[in-house]
Amino acid sequence: MSRKIGDVILDLQNISLRFGGVKALTDISFNIREHEVRAIIGPNGAGKSSMLNVINGVYHPQDGKIFYRGAERKKMEPHMAASTGIARTFQNIGLFKGMSVLDNIMTGRTLKMKSNLLLQALWFGPARSEELAHRRKVEEIIDFLEIQHIRKTPVGRLPYGLQKRVDLGRALAMEPQILLLDEPMAGMNVEEKQDMCRFILDVNDQFGTTIVLIEHDMGVVMDISDRVVVLDYGKKIGDGLPDEVRSNPEVIRAYLGAGH
Amino acid sequence: MLYRENGQFKTSYAADQQVFTIAQDKWFVLGVIAFAFIGVPMLVDEYMFRAILIPFLILSLAALGVNLLVGYCGQITLGAGAFMAIGAYAAYNFFVRIEGMPVVLAMLLGGGVSAAMGVLFGIPSLRVRGLYLAVATLAAQFFCDWAFLRISWFTNDSSSGSVSVSNLKMFGWTIDSPVDKYLFCLGVMVVFAVLAKNLTRATVGRQWMAIRDMDVAAEVIGIRPMYSKLSAFAVSSFFVGVAGAMWGFIHLGSWEPAAFSVDRSFQLLFMVIIGGLGSILGSFFGAAFIVVLPIFLNQFLPALGDLVGISISTAAVSHAELIIFGSLIVFFLIVEPHGLARLWSIAKEKLRLWPFPH
Ligand SMILES: Nc1ncnc2c1ncn2[C@@H]1O[C@H](COP(=O)(O)OP(=O)(O)O)[C@@H](O)[C@H]1O
Ligand SMILES: [Mg+2]
């Protein structure tokens, strides 16, 4: 691979998150370097999705600090995280069911579209040319993900594997600097998984996008990630290169204990 | 010519993003509009204009506004009648208080005031949804009912509480006869339908639908819920407000607050449910249905009763009307949330494949 892993882009320090009495995350610290593929693994309920939700501002941790490109990030709403270049996909697919594939991916361009409401209502001038320019960009993503044949299909009618791909496409349309992927390959067959791995690596490679990946398939994790964080019951129990993590006794215990 | 897109290849994204991607659709709609402008005035009598066509056009404009909010943005409202009232009374005040105010401008300003009030009453939507939002919008309705009845400044201190406008002129054209009124309403409706279509295929429309379908995901990709929801309230209330002004100025001529009661709010909501949530065309279907059904039943049920030898009273007819609306709404909500518009598109889908279903 040609890409070079850069400096720390996102630094999470002593993050704790509680829902009432439930401790979803307890005192977790780790960092993410620019251009790397960073995996988060752990049994169900370990707090992995919650961690992503903290990173893009859906959840607000009670304790801890987050530094983004060296600057401390205070209270952050999801749309602000989006405007600083953080995109994500969802574990249970967060697509807009009533809209076509094309429209779903077009929504990923929202932050880049600037024309005002009146011009849009008239479909005139900048509003129209902007729409066409972004359509061109979105078509590139559609080509990249090989979903040309379904661009006008309402996403609700697509099989699960394709929906996951559209979910990725919508995140890519944001041209993010950090892409958070929550179990992008869950429920896929081997072939679909291979396609998805290829897309993820291509994105990382071609655009240098930093990737944070939650994945259960250890084979995939070992293959494509640069570094791995392991969570269990909301605590960090391992962090390092894939090989180090795999031979960490605590990690092995957590995984065997949880029946994986 | 068969109805299908074979051979109509798109060579640019601009062509692919047109409103009608199938040429037959475009010609059909243009044909309907041309017929409405030229054919209908030659064929139809005054009663038709007054009782059916003018109310239909104005109410479909209001339904379109409601649909933008409820069907596209997923924010429930039970206050549409109030925004019609705001549009009507605001337009009235602009019209009578400002010397030489053009009618059309007064109506648009009425819509503008309604839009501003829409934003104000839309603020609860940032915190609550569903039933709670419905109640909040209902509060807007009752507040307006009260304000227009009790605060006499709004009605220009008219002693009876009812207001009236007359002598509507536009660029030297006096909008007076039923045909004039019909043509005026038709023109306004066509313009607003085009605006609505453009909005729903542009980024703001996608933002509304994104908020409707999955608000967390929408926010995560950078859509600001506040902007999306309040813009939907503003645009929707603008449409509804202009419709209200037209209802007062053109259809009624003189009116009192009861013209825009909570019944009107429910009626508009029923129109978009029956016609099709999230469909421009559906707004027209719904309005047509609700305007025509009572008239149809009034004529048809007594005749049917005569046929079988029982006399059906007008009370029975209006009961039948309620029963039919009620069951249709239940049917559409449960079975076909996209309403008549969806049935229409299924029929078109079939036609596209006909005569070879595979
Ligand atoms: N919105 C929420 N409200 C209450 N509890 C939550 C919420 N989100 C997550 N949790 C709890 O936090 C813990 C971690 O969940 P999650 O982050 O989804 O785990 P994972 O993605 O690793 O399976 C679980 O106990 C879960 O029930
Ligand atoms: Mg999870």
# chains A, B, ... in the order shown; residues from 1 in each chain; ligands from 1

$ residues_near_ligand --ligand "ligand 1" --cutoff "8 Å" --atoms "only C-alpha atoms and all ligand atoms" --output "compact mmCIF listing (two decimals) with N, CA and C atoms, in the first residue's frame"
# COMPACT_ATOMS: atom_id res chain seq x y z
N ARG A 18 -22.55 7.09 30.49
CA ARG A 18 -23.54 6.31 31.23
C ARG A 18 -24.94 6.62 30.70
N PHE A 19 -25.78 5.59 30.69
CA PHE A 19 -27.21 5.79 30.45
C PHE A 19 -27.91 5.43 31.74
N GLY A 20 -28.31 6.40 32.52
CA GLY A 20 -28.86 6.09 33.83
C GLY A 20 -27.84 5.29 34.61
N VAL A 22 -26.64 2.39 33.56
CA VAL A 22 -25.84 1.53 32.68
C VAL A 22 -24.55 2.24 32.28
N LYS A 23 -23.42 1.61 32.58
CA LYS A 23 -22.15 2.20 32.16
C LYS A 23 -21.80 1.63 30.79
N ALA A 24 -22.02 2.42 29.74
CA ALA A 24 -21.74 1.93 28.39
C ALA A 24 -20.25 2.01 28.10
N LEU A 25 -19.59 3.05 28.57
CA LEU A 25 -18.15 3.21 28.37
C LEU A 25 -17.54 3.68 29.68
N ILE A 41 -13.09 -3.85 18.18
CA ILE A 41 -13.77 -5.13 18.29
C ILE A 41 -14.20 -5.35 19.73
N GLY A 42 -14.99 -6.39 19.91
CA GLY A 42 -15.48 -6.72 21.25
C GLY A 42 -16.82 -7.41 21.14
N PRO A 43 -17.21 -8.12 22.20
CA PRO A 43 -18.48 -8.85 22.17
C PRO A 43 -19.67 -7.88 22.07
N ASN A 44 -20.85 -8.42 21.80
CA ASN A 44 -22.05 -7.58 21.75
C ASN A 44 -22.26 -6.86 23.07
N GLY A 45 -22.68 -5.62 22.98
CA GLY A 45 -22.93 -4.85 24.20
C GLY A 45 -21.67 -4.30 24.83
N ALA A 46 -20.53 -4.44 24.16
CA ALA A 46 -19.27 -3.98 24.73
C ALA A 46 -19.16 -2.46 24.73
N GLY A 47 -19.96 -1.81 23.89
CA GLY A 47 -19.91 -0.35 23.84
C GLY A 47 -19.30 0.19 22.55
N LYS A 48 -19.15 -0.67 21.54
CA LYS A 48 -18.50 -0.24 20.30
C LYS A 48 -19.33 0.82 19.57
N SER A 49 -20.62 0.52 19.38
CA SER A 49 -21.46 1.51 18.69
C SER A 49 -21.55 2.80 19.48
N SER A 50 -21.61 2.67 20.80
CA SER A 50 -21.66 3.87 21.64
C SER A 50 -20.41 4.72 21.42
N MET A 51 -19.28 4.04 21.24
CA MET A 51 -18.03 4.76 21.01
C MET A 51 -18.12 5.59 19.73
N ASP A 182 -19.95 1.03 11.14
CA ASP A 182 -20.46 0.18 12.22
C ASP A 182 -20.94 -1.15 11.64
N LEU A 231 -12.78 -3.74 23.17
CA LEU A 231 -13.63 -3.32 24.28
C LEU A 231 -14.35 -4.54 24.84
N ASP A 232 -14.60 -4.47 26.15
CA ASP A 232 -15.41 -5.51 26.77
C ASP A 232 -16.13 -4.88 27.95
N TYR A 233 -17.44 -5.05 28.03
CA TYR A 233 -18.23 -4.41 29.09
C TYR A 233 -17.86 -2.94 29.27
N GLY A 234 -17.68 -2.24 28.20
CA GLY A 234 -17.43 -0.81 28.28
C GLY A 234 -16.02 -0.43 28.70

$ select_by_dssp --residues "region 1-241 of chain A" --states "helix (DSSP H, G or I)" --output "VMD selection string"
chain A and resid 48 to 55 78 to 83 101 to 107 110 to 112 117 to 122 126 to 144 148 to 150 155 to 157 160 to 172 190 to 207 218 to 224

$ interface_residues --of "chain B" --to "chain A" --cutoff "10 Å" --atoms "only C-alpha atoms" --output "MDAnalysis selection string"
chainID B and resid 12:14 17 72 191:192 194:207 209:225 231 235 278

$ closest_residue --among "A:Arg151, A:Arg165, A:Arg33, A:His216" --to "ligand 2" --atoms "only C-alpha atoms and all ligand atoms"
A:His216

$ residues_around --residues "Ala106 (chain B)" --least-positions-apart "5" --cutoff "7 Å" --atoms "only C-alpha atoms" --output "MDAnalysis selection string"
chainID B and resid 91 94:95 101

$ write_last_selection --atoms "C-alpha atoms" --output "compact mmCIF listing (two decimals), in the first residue's frame"
# COMPACT_ATOMS: atom_id res chain seq x y z
CA ALA B 91 -53.94 39.74 3.15
CA PHE B 94 -52.70 44.68 3.69
CA PHE B 95 -55.42 45.15 1.11
CA MET B 101 -52.19 47.59 -2.70

$ residues_around --residues "Leu53 (chain B)" --least-positions-apart "3" --cutoff "10 Å" --atoms "only C-alpha atoms" --output "number ranges by chain"
B: 40, 44, 46-50, 56-59, 178, 181-182, 185-186, 288, 291-292

$ decode --residues "region 120-238 of chain B" --atoms "C-alpha atoms" --output "PDB file, in the first residue's frame"
ATOM      1  CA  LEU B 120     -43.117  30.366  15.248  1.00  0.00           C
ATOM      2  CA  PHE B 121     -45.639  27.582  15.773  1.00  0.00           C
ATOM      3  CA  GLY B 122     -43.155  25.116  14.276  1.00  0.00           C
ATOM      4  CA  ILE B 123     -40.644  25.650  17.063  1.00  0.00           C
ATOM      5  CA  PRO B 124     -42.225  22.941  19.262  1.00  0.00           C
ATOM      6  CA  SER B 125     -41.376  20.444  16.497  1.00  0.00           C
ATOM      7  CA  LEU B 126     -37.735  20.810  17.447  1.00  0.00           C
ATOM      8  CA  ARG B 127     -38.520  19.169  20.783  1.00  0.00           C
ATOM      9  CA  VAL B 128     -41.613  17.043  20.349  1.00  0.00           C
ATOM     10  CA  ARG B 129     -43.140  14.891  17.673  1.00  0.00           C
ATOM     11  CA  GLY B 130     -46.212  12.821  16.892  1.00  0.00           C
ATOM     12  CA  LEU B 131     -49.133  13.322  19.216  1.00  0.00           C
ATOM     13  CA  TYR B 132     -47.471  16.125  21.167  1.00  0.00           C
ATOM     14  CA  LEU B 133     -46.769  18.083  18.015  1.00  0.00           C
ATOM     15  CA  ALA B 134     -50.335  17.521  16.860  1.00  0.00           C
ATOM     16  CA  VAL B 135     -51.563  19.034  20.108  1.00  0.00           C
ATOM     17  CA  ALA B 136     -49.193  21.990  19.785  1.00  0.00           C
ATOM     18  CA  THR B 137     -50.449  22.766  16.287  1.00  0.00           C
ATOM     19  CA  LEU B 138     -54.007  22.355  17.476  1.00  0.00           C
ATOM     20  CA  ALA B 139     -53.244  25.038  20.038  1.00  0.00           C
ATOM     21  CA  ALA B 140     -52.288  27.323  17.137  1.00  0.00           C
ATOM     22  CA  GLN B 141     -55.690  26.608  15.656  1.00  0.00           C
ATOM     23  CA  PHE B 142     -57.600  27.518  18.791  1.00  0.00           C
ATOM     24  CA  PHE B 143     -55.470  30.556  19.406  1.00  0.00           C
ATOM     25  CA  CYS B 144     -56.212  31.886  15.918  1.00  0.00           C
ATOM     26  CA  ASP B 145     -59.918  31.087  16.181  1.00  0.00           C
ATOM     27  CA  TRP B 146     -59.979  33.161  19.326  1.00  0.00           C
ATOM     28  CA  ALA B 147     -57.773  36.000  18.059  1.00  0.00           C
ATOM     29  CA  PHE B 148     -59.714  36.640  14.857  1.00  0.00           C
ATOM     30  CA  LEU B 149     -63.005  36.538  16.707  1.00  0.00           C
ATOM     31  CA  ARG B 150     -62.032  38.748  19.634  1.00  0.00           C
ATOM     32  CA  ILE B 151     -59.342  41.151  18.467  1.00  0.00           C
ATOM     33  CA  SER B 152     -61.254  43.571  16.331  1.00  0.00           C
ATOM     34  CA  TRP B 153     -58.153  45.219  14.876  1.00  0.00           C
ATOM     35  CA  PHE B 154     -57.681  42.175  12.656  1.00  0.00           C
ATOM     36  CA  THR B 155     -61.127  42.619  11.162  1.00  0.00           C
ATOM     37  CA  ASN B 156     -60.651  46.350  10.729  1.00  0.00           C
ATOM     38  CA  ASP B 157     -63.201  46.910  13.529  1.00  0.00           C
ATOM     39  CA  SER B 158     -66.072  45.687  11.415  1.00  0.00           C
ATOM     40  CA  SER B 159     -69.146  45.540  13.630  1.00  0.00           C
ATOM     41  CA  SER B 160     -70.447  42.155  12.520  1.00  0.00           C
ATOM     42  CA  GLY B 161     -67.050  40.469  12.799  1.00  0.00           C
ATOM     43  CA  SER B 162     -67.183  39.465   9.184  1.00  0.00           C
ATOM     44  CA  VAL B 163     -64.980  41.082   6.579  1.00  0.00           C
ATOM     45  CA  SER B 164     -65.353  41.409   2.851  1.00  0.00           C
ATOM     46  CA  VAL B 165     -63.312  42.419  -0.123  1.00  0.00           C
ATOM     47  CA  SER B 166     -64.449  43.403  -3.569  1.00  0.00           C
ATOM     48  CA  ASN B 167     -63.210  44.904  -6.781  1.00  0.00           C
ATOM     49  CA  LEU B 168     -60.283  42.585  -7.319  1.00  0.00           C
ATOM     50  CA  LYS B 169     -58.089  43.852 -10.124  1.00  0.00           C
ATOM     51  CA  MET B 170     -54.851  42.609 -11.548  1.00  0.00           C
ATOM     52  CA  PHE B 171     -52.998  44.444 -14.334  1.00  0.00           C
ATOM     53  CA  GLY B 172     -56.290  45.959 -15.482  1.00  0.00           C
ATOM     54  CA  TRP B 173     -58.045  42.606 -15.422  1.00  0.00           C
ATOM     55  CA  THR B 174     -61.053  42.564 -13.099  1.00  0.00           C
ATOM     56  CA  ILE B 175     -61.407  39.188 -11.461  1.00  0.00           C
ATOM     57  CA  ASP B 176     -65.130  39.136 -11.271  1.00  0.00           C
ATOM     58  CA  SER B 177     -66.988  36.428 -13.121  1.00  0.00           C
ATOM     59  CA  PRO B 178     -66.686  32.763 -12.131  1.00  0.00           C
ATOM     60  CA  VAL B 179     -64.576  32.108 -15.236  1.00  0.00           C
ATOM     61  CA  ASP B 180     -62.148  34.901 -14.282  1.00  0.00           C
ATOM     62  CA  LYS B 181     -61.891  33.519 -10.786  1.00  0.00           C
ATOM     63  CA  TYR B 182     -61.346  30.032 -12.068  1.00  0.00           C
ATOM     64  CA  LEU B 183     -58.580  31.104 -14.445  1.00  0.00           C
ATOM     65  CA  PHE B 184     -56.886  33.113 -11.731  1.00  0.00           C
ATOM     66  CA  CYS B 185     -56.936  30.186  -9.305  1.00  0.00           C
ATOM     67  CA  LEU B 186     -55.750  27.814 -11.993  1.00  0.00           C
ATOM     68  CA  GLY B 187     -52.820  30.060 -12.855  1.00  0.00           C
ATOM     69  CA  VAL B 188     -51.769  30.412  -9.224  1.00  0.00           C
ATOM     70  CA  MET B 189     -52.144  26.688  -8.676  1.00  0.00           C
ATOM     71  CA  VAL B 190     -49.975  25.756 -11.655  1.00  0.00           C
ATOM     72  CA  VAL B 191     -47.221  28.130 -10.547  1.00  0.00           C
ATOM     73  CA  PHE B 192     -47.269  26.811  -6.983  1.00  0.00           C
ATOM     74  CA  ALA B 193     -47.322  23.201  -8.123  1.00  0.00           C
ATOM     75  CA  VAL B 194     -44.171  23.828 -10.155  1.00  0.00           C
ATOM     76  CA  LEU B 195     -42.512  25.517  -7.181  1.00  0.00           C
ATOM     77  CA  ALA B 196     -43.443  22.595  -4.936  1.00  0.00           C
ATOM     78  CA  LYS B 197     -42.113  20.091  -7.440  1.00  0.00           C
ATOM     79  CA  ASN B 198     -38.835  21.970  -7.713  1.00  0.00           C
ATOM     80  CA  LEU B 199     -38.413  22.169  -3.963  1.00  0.00           C
ATOM     81  CA  THR B 200     -39.040  18.486  -3.481  1.00  0.00           C
ATOM     82  CA  ARG B 201     -36.436  17.471  -6.048  1.00  0.00           C
ATOM     83  CA  ALA B 202     -33.825  19.909  -4.741  1.00  0.00           C
ATOM     84  CA  THR B 203     -31.610  19.655  -1.709  1.00  0.00           C
ATOM     85  CA  VAL B 204     -34.148  21.168   0.671  1.00  0.00           C
ATOM     86  CA  GLY B 205     -36.733  18.557  -0.318  1.00  0.00           C
ATOM     87  CA  ARG B 206     -34.253  15.760   0.223  1.00  0.00           C
ATOM     88  CA  GLN B 207     -33.478  17.217   3.632  1.00  0.00           C
ATOM     89  CA  TRP B 208     -37.171  17.184   4.536  1.00  0.00           C
ATOM     90  CA  MET B 209     -37.546  13.584   3.468  1.00  0.00           C
ATOM     91  CA  ALA B 210     -34.364  12.605   5.289  1.00  0.00           C
ATOM     92  CA  ILE B 211     -35.715  14.109   8.516  1.00  0.00           C
ATOM     93  CA  ARG B 212     -38.984  12.282   7.938  1.00  0.00           C
ATOM     94  CA  ASP B 213     -37.411   8.883   7.271  1.00  0.00           C
ATOM     95  CA  MET B 214     -34.601   8.739   9.838  1.00  0.00           C
ATOM     96  CA  ASP B 215     -33.813  11.879  11.757  1.00  0.00           C
ATOM     97  CA  VAL B 216     -30.698  10.592  13.545  1.00  0.00           C
ATOM     98  CA  ALA B 217     -29.074   9.524  10.305  1.00  0.00           C
ATOM     99  CA  ALA B 218     -30.049  12.832   8.721  1.00  0.00           C
ATOM    100  CA  GLU B 219     -28.288  14.742  11.442  1.00  0.00           C
ATOM    101  CA  VAL B 220     -25.212  12.561  11.200  1.00  0.00           C
ATOM    102  CA  ILE B 221     -24.743  13.432   7.533  1.00  0.00           C
ATOM    103  CA  GLY B 222     -24.919  17.118   8.329  1.00  0.00           C
ATOM    104  CA  ILE B 223     -28.582  18.038   7.989  1.00  0.00           C
ATOM    105  CA  ARG B 224     -29.574  20.566  10.615  1.00  0.00           C
ATOM    106  CA  PRO B 225     -32.960  19.516  11.988  1.00  0.00           C
ATOM    107  CA  MET B 226     -33.802  23.074  12.955  1.00  0.00           C
ATOM    108  CA  TYR B 227     -33.300  24.447   9.459  1.00  0.00           C
ATOM    109  CA  SER B 228     -35.076  21.545   7.772  1.00  0.00           C
ATOM    110  CA  LYS B 229     -38.114  21.473  10.007  1.00  0.00           C
ATOM    111  CA  LEU B 230     -38.587  25.218  10.221  1.00  0.00           C
ATOM    112  CA  SER B 231     -38.117  25.662   6.485  1.00  0.00           C
ATOM    113  CA  ALA B 232     -40.801  23.029   5.958  1.00  0.00           C
ATOM    114  CA  PHE B 233     -43.109  24.883   8.337  1.00  0.00           C
ATOM    115  CA  ALA B 234     -42.361  28.155   6.564  1.00  0.00           C
ATOM    116  CA  VAL B 235     -42.904  26.914   3.020  1.00  0.00           C
ATOM    117  CA  SER B 236     -45.950  24.888   3.991  1.00  0.00           C
ATOM    118  CA  SER B 237     -47.523  27.801   5.839  1.00  0.00           C
ATOM    119  CA  PHE B 238     -46.767  30.086   2.911  1.00  0.00           C
TER     120      PHE B 238
END
